[in-house]
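First the structure, in the form of structure tokens, and then the observations on it.
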Amino acid sequence: MYMKVKRLIDIILSLIGLIVLSPIFLILIIAIKIDSRGPVLFKQKRVGINKTHFNILKFRTMRIDTPKDTPTHLLSNPEQYITKMGKFLRKTSLDELPQIWNIFVGQMSIIGPRPALWNQYDLIAERDKYGANNVPPGLTGWAQINGRDELPIEIKSKLDGEYVEKISFWMDVKCFFGTIVSVVKSDGVVEGGTGTTAKKEIASSKESISK
């Protein structure tokens with residue numbers, strides 16, 4: 001029952017968002033075009049509900065010569081590809097705003113597990129253990145307010161599973177306002193992506209042992 005209410009909330013809020021945020025959209029579009037050559041929007045194949053595929057929309061934050069369909073954390077030096085405007089958009093999460101359209105047309109929800117890349121097989125498989133691929137992916141979610149990029153895949157998937165298990169209006173409200181706090185504080189944003197902090201800790205431990 002709640003999933004029908006959730007969809008109605010998504011439609012209403014995304015429509016309001018598209019109208020109210022249109023001036024910000026216009027400013028960002030102009031800034032992106034001035035900053036670097038290439039399209040304003042970036043489309044990427046992602047995994048939706050029940051592992052169907054759809055094209056997620058983002059404001060472009062990287063140069064047009066960046067390798068396609070490669071997660072940021074798998075690039076040897078992601079910083080070299082990110083534009084000046086892109087750094088600002090990523091830090092503030094404003095690059096995600098075009099996904100309001102994905103929400104409006106029903107490909108995503110405001111709250112849910114972040115959609116995996118179509119070729120992130122390890123993340124998709126891990127989420128299968130918790131049923132996290134069986135709900136609409138979200139603009140933000142439980143994992144995003146509990147670590148974002150810092151989380152290794154195993155923990156991120158477990159948190160996504162916790163969201164699916166406890167999914168409710170109040171859980172969505174908690175994620176929504178938790179996201180606002182996380183964005184303001186830039187919590188868990190690490191260029192280099194999934195599990196970056198955990199990898200650094202492991203590397204540090206190995207270095208200590210070798211000494």
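Quick note on naming: the chains in the structure tokens go A, B, ... in the order shown, residues restart at 1 in each chain, and ligands are numbered from 1 in order of appearance.
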
Inset, instruction - Could you find all residues in stretch 82-190 of chain A that DSSP calls alpha helix (DSSP H) from the backbone, and write them as a PyMOL selection string? - result: chain A and resi 84-92+99-104+121-128+153-166+169-185

Output for the residues just chosen: C-alpha atoms as a PDB file, in the first residue's frame:
ATOM      1  CA  LYS A  84      36.182  23.017 -12.514  1.00  0.00           C
ATOM      2  CA  MET A  85      32.418  23.349 -12.544  1.00  0.00           C
ATOM      3  CA  GLY A  86      32.190  19.593 -12.050  1.00  0.00           C
ATOM      4  CA  LYS A  87      34.040  19.773  -8.728  1.00  0.00           C
ATOM      5  CA  PHE A  88      31.508  22.283  -7.440  1.00  0.00           C
ATOM      6  CA  LEU A  89      28.553  20.275  -8.727  1.00  0.00           C
ATOM      7  CA  ARG A  90      29.812  17.059  -7.121  1.00  0.00           C
ATOM      8  CA  LYS A  91      30.664  18.645  -3.791  1.00  0.00           C
ATOM      9  CA  THR A  92      27.189  20.183  -3.531  1.00  0.00           C
ATOM     10  CA  GLN A  99      17.290  13.027 -11.864  1.00  0.00           C
ATOM     11  CA  ILE A 100      14.150  14.831 -10.756  1.00  0.00           C
ATOM     12  CA  TRP A 101      12.967  14.052 -14.290  1.00  0.00           C
ATOM     13  CA  ASN A 102      13.839  10.347 -13.816  1.00  0.00           C
ATOM     14  CA  ILE A 103      11.683  10.457 -10.685  1.00  0.00           C
ATOM     15  CA  PHE A 104       8.781  12.229 -12.415  1.00  0.00           C
ATOM     16  CA  TYR A 121      28.102  -6.748 -11.137  1.00  0.00           C
ATOM     17  CA  ASP A 122      29.591  -7.065  -7.639  1.00  0.00           C
ATOM     18  CA  LEU A 123      27.252  -4.383  -6.234  1.00  0.00           C
ATOM     19  CA  ILE A 124      24.213  -5.804  -8.049  1.00  0.00           C
ATOM     20  CA  ALA A 125      24.949  -9.321  -6.777  1.00  0.00           C
ATOM     21  CA  GLU A 126      25.471  -8.104  -3.213  1.00  0.00           C
ATOM     22  CA  ARG A 127      22.191  -6.186  -3.289  1.00  0.00           C
ATOM     23  CA  ASP A 128      20.392  -9.321  -4.470  1.00  0.00           C
ATOM     24  CA  ILE A 153      30.100  -2.432  -1.282  1.00  0.00           C
ATOM     25  CA  GLU A 154      29.260  -5.015   1.395  1.00  0.00           C
ATOM     26  CA  ILE A 155      28.211  -2.406   3.959  1.00  0.00           C
ATOM     27  CA  LYS A 156      26.448  -0.191   1.415  1.00  0.00           C
ATOM     28  CA  SER A 157      24.383  -3.161   0.209  1.00  0.00           C
ATOM     29  CA  LYS A 158      23.522  -4.157   3.774  1.00  0.00           C
ATOM     30  CA  LEU A 159      22.281  -0.619   4.482  1.00  0.00           C
ATOM     31  CA  ASP A 160      20.223  -0.730   1.275  1.00  0.00           C
ATOM     32  CA  GLY A 161      18.752  -3.978   2.581  1.00  0.00           C
ATOM     33  CA  GLU A 162      17.895  -2.328   5.900  1.00  0.00           C
ATOM     34  CA  TYR A 163      16.014   0.367   3.990  1.00  0.00           C
ATOM     35  CA  VAL A 164      14.009  -2.229   2.043  1.00  0.00           C
ATOM     36  CA  GLU A 165      13.177  -4.068   5.272  1.00  0.00           C
ATOM     37  CA  LYS A 166      12.037  -0.918   7.086  1.00  0.00           C
ATOM     38  CA  PHE A 169       6.899   7.039   5.185  1.00  0.00           C
ATOM     39  CA  TRP A 170       8.909   7.825   8.340  1.00  0.00           C
ATOM     40  CA  MET A 171      11.977   6.022   6.992  1.00  0.00           C
ATOM     41  CA  ASP A 172      11.761   8.153   3.849  1.00  0.00           C
ATOM     42  CA  VAL A 173      11.371  11.336   5.910  1.00  0.00           C
ATOM     43  CA  LYS A 174      14.466  10.382   7.934  1.00  0.00           C
ATOM     44  CA  CYS A 175      16.475   9.785   4.738  1.00  0.00           C
ATOM     45  CA  PHE A 176      15.242  13.033   3.170  1.00  0.00           C
ATOM     46  CA  PHE A 177      16.242  15.308   6.020  1.00  0.00           C
ATOM     47  CA  GLY A 178      19.378  13.273   6.706  1.00  0.00           C
ATOM     48  CA  THR A 179      20.432  13.931   3.110  1.00  0.00           C
ATOM     49  CA  ILE A 180      20.061  17.686   3.563  1.00  0.00           C
ATOM     50  CA  VAL A 181      22.379  17.539   6.576  1.00  0.00           C
ATOM     51  CA  SER A 182      24.887  15.329   4.721  1.00  0.00           C
ATOM     52  CA  VAL A 183      24.961  17.610   1.669  1.00  0.00           C
ATOM     53  CA  VAL A 184      25.473  20.738   3.786  1.00  0.00           C
ATOM     54  CA  LYS A 185      28.338  19.048   5.659  1.00  0.00           C
TER      55      LYS A 185
END

Considering only C-alpha atoms, return as a short mmCIF file (atom, residue, chain, number, x, y, z; two decimals) with C-alpha atoms, in the first residue's frame whatever protein or nucleic-acid residues lie within 12 Å of A:Lys33, sequence-local ones (same chain, fewer than 4 positions apart) excluded.
data_model
loop_
_atom_site.label_atom_id
_atom_site.label_comp_id
_atom_site.auth_asym_id
_atom_site.auth_seq_id
_atom_site.Cartn_x
_atom_site.Cartn_y
_atom_site.Cartn_z
CA LEU A 26 19.15 27.58 -16.14
CA ILE A 27 22.07 29.07 -14.18
CA LEU A 28 23.85 25.70 -13.97
CA ILE A 29 23.32 25.01 -17.67
CA ARG A 37 32.84 22.01 -24.19
CA GLY A 38 30.35 19.19 -24.51
CA PRO A 39 26.72 18.48 -23.68
CA VAL A 40 25.13 19.86 -20.53
CA LEU A 41 23.54 16.56 -19.54
CA PHE A 59 24.68 17.46 -15.14
CA ARG A 60 28.00 16.70 -16.83
CA THR A 61 30.91 17.04 -14.39
CA ARG A 63 35.46 16.05 -19.69
CA THR A 83 35.98 19.94 -14.76
CA LYS A 84 36.18 23.02 -12.51
CA MET A 85 32.42 23.35 -12.54
CA GLY A 86 32.19 19.59 -12.05
#

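Distances to A:Met62 were evaluated for A:Pro137, A:Pro78, A:Gly147, A:Pro98 using only C-alpha atoms, and the minimum falls at A:Pro78.
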